[in-house]
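Shown next: input_36.txt, given as compact mmCIF, C-alpha atoms.
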```txt
# COMPACT_ATOMS: atom_id res chain seq x y z
CA MET A 1 -10.00 12.08 -10.17
CA THR A 2 -6.58 10.53 -10.63
CA GLY A 3 -5.58 7.00 -9.62
CA TYR A 4 -2.33 6.17 -7.84
CA TYR A 5 -1.16 2.72 -6.67
CA ASP A 6 1.22 1.46 -4.04
CA ASP A 7 1.78 -1.77 -2.11
CA ASN A 8 0.79 -0.24 1.25
CA TYR A 9 -2.77 0.86 0.52
CA GLY A 10 -3.53 -0.32 -2.99
CA LEU A 11 -5.27 2.07 -5.35
CA TYR A 12 -5.70 5.68 -4.28
CA GLU A 13 -8.42 7.70 -6.03
CA ILE A 14 -7.17 11.21 -5.38
CA ASP A 15 -8.70 14.57 -6.15
CA CYS A 16 -7.46 16.60 -3.16
CA GLU A 17 -3.99 18.19 -3.06
CA GLU A 18 -3.55 17.18 0.59
CA ASP A 19 -4.18 13.52 -0.29
CA ILE A 20 -1.69 13.72 -3.16
CA ASP A 21 0.90 15.07 -0.73
CA TYR A 22 0.19 12.13 1.62
CA TYR A 23 0.59 9.66 -1.26
CA PHE A 24 4.01 11.10 -2.12
CA HIS A 25 4.97 11.08 1.58
CA VAL A 26 4.17 7.35 1.74
CA GLN A 27 6.14 6.72 -1.46
CA ALA A 28 9.16 8.58 -0.11
CA ASN A 29 9.19 6.50 3.08
CA THR A 30 8.70 3.00 1.73
CA ILE A 31 11.40 0.36 1.60
CA GLU A 32 11.65 -2.93 -0.26
CA LYS A 33 10.40 -5.75 1.94
CA THR A 34 9.10 -9.28 1.49
CA CYS A 35 5.43 -9.76 2.31
CA VAL A 36 5.22 -12.36 5.09
CA ILE A 37 2.17 -13.96 3.46
CA CYS A 38 2.75 -14.09 -0.32
CA LYS A 39 6.57 -13.77 -0.18
CA GLN A 40 6.54 -11.15 -2.95
CA LYS A 41 9.02 -8.28 -2.92
CA VAL A 42 6.98 -5.13 -2.36
CA MET A 43 7.54 -1.52 -1.34
CA LEU A 44 6.12 -1.07 2.17
CA MET A 45 6.31 1.36 5.04
CA PRO A 46 8.99 0.15 7.49
CA HIS A 47 6.43 -0.88 10.13
CA TYR A 48 4.31 -2.98 7.70
CA ASN A 49 5.00 -6.63 6.88
CA LYS A 50 2.01 -7.54 4.67
CA CYS A 51 1.09 -6.09 1.28
CA ASP A 52 -2.27 -4.53 0.44
CA SER A 53 -3.26 -7.45 -1.77
CA CYS A 54 -2.84 -9.98 1.04
CA MET A 55 -4.55 -7.74 3.58
CA ARG A 56 -7.58 -7.33 1.31
CA LYS A 57 -7.85 -11.12 1.02
CA ILE A 58 -7.70 -11.49 4.82
CA GLU A 59 -10.38 -8.81 5.25
CA ARG A 60 -12.63 -10.73 2.85
CA GLY A 61 -12.19 -13.96 4.82
CA TRP A 62 -9.87 -15.80 2.43
CA CYS A 63 -7.39 -18.28 3.85
CA VAL A 64 -3.98 -16.96 2.87
```

Is it possible to express this structure as structure tokens?
Amino acid sequence: MTGYYDDNYGLYEIDCEEDIDYYFHVQANTIEKTCVICKQKVMLMPHYNKCDSCMRKIERGWCV
């Protein structure tokens, strides 16, 4: 299983060709944006405004 990372979904553990294709599709469609929470420059899908790191903190109940 191979690991891939991006700012939209975090770490992908991929072993299926279809999932690898999806990963590269996401990479091809991301743009540089500023996360509205942490203010870091990240590569996100155009309709996203928060990075994976901040979203994981919110899901775990952290105040961000």

Write out as a CSV table (one decimal) with C-alpha atoms, in the coordinates of the input each polymer residue whose atoms come within 8 Å of Thr34 (chain A), counting all atoms listed in the file; drop sequence neighbours fewer than 5 positions from it.
```csv
chain,number,residue,atom,x,y,z
A,39,LYS,CA,6.6,-13.8,-0.2
A,40,GLN,CA,6.5,-11.2,-3.0
A,41,LYS,CA,9.0,-8.3,-2.9
A,42,VAL,CA,7.0,-5.1,-2.4
A,49,ASN,CA,5.0,-6.6,6.9
A,50,LYS,CA,2.0,-7.5,4.7
```

Point to revise | Nearest-residue call for Asn29 (chain A), choices A:Val64, A:Met43, A:Leu11, A:Cys16, using only C-alpha atoms | key: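 Going through A:Val64, A:Met43, A:Leu11, A:Cys16 one by one, the smallest distance to Asn29 (chain A) is for A:Met43.
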
Review point. Out of A:Ser53, A:Ile37, A:Asp7, A:Met45, which residue has the shortest atom-to-atom distance to His25 (chain A) when counting all atoms listed in the file?
Key: A:Met45

Check your understanding: When you draw a straight line from CA of Tyr5 (chain A) to CA of His47 (chain A), how long is it in Å?
Key ->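 Separation of CA of Tyr5 (chain A) and CA of His47 (chain A): 18.8 Å.
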
Practice item. Quote the spacing between CA of Leu44 (chain A) and CA of Ala28 (chain A) in Å to one decimal place. Key: 10.4 Å

Exercise for review: With a distance cut-off of 10 Å and all atoms listed in the file, select the neighbouring residues of Met55 (chain A), excluding the residue or stretch itself and same-chain residues fewer than 3 positions from it, and output the selection as a ChimeraX atom specification.
Suggested key: /A:8-10,37,50-52,58-62,64

Practice item. Would you list the contacts of Asp19 (chain A) as a list in words, taking every protein, DNA or RNA residue within 12 Å and counting all atoms listed in the file, but skipping same-chain residues closer than 6 positions in sequence? Key: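 Answer for this query is Met1, Thr2, Gly3, Tyr4, Tyr12, Glu13, His25 and Val26 of chain A.
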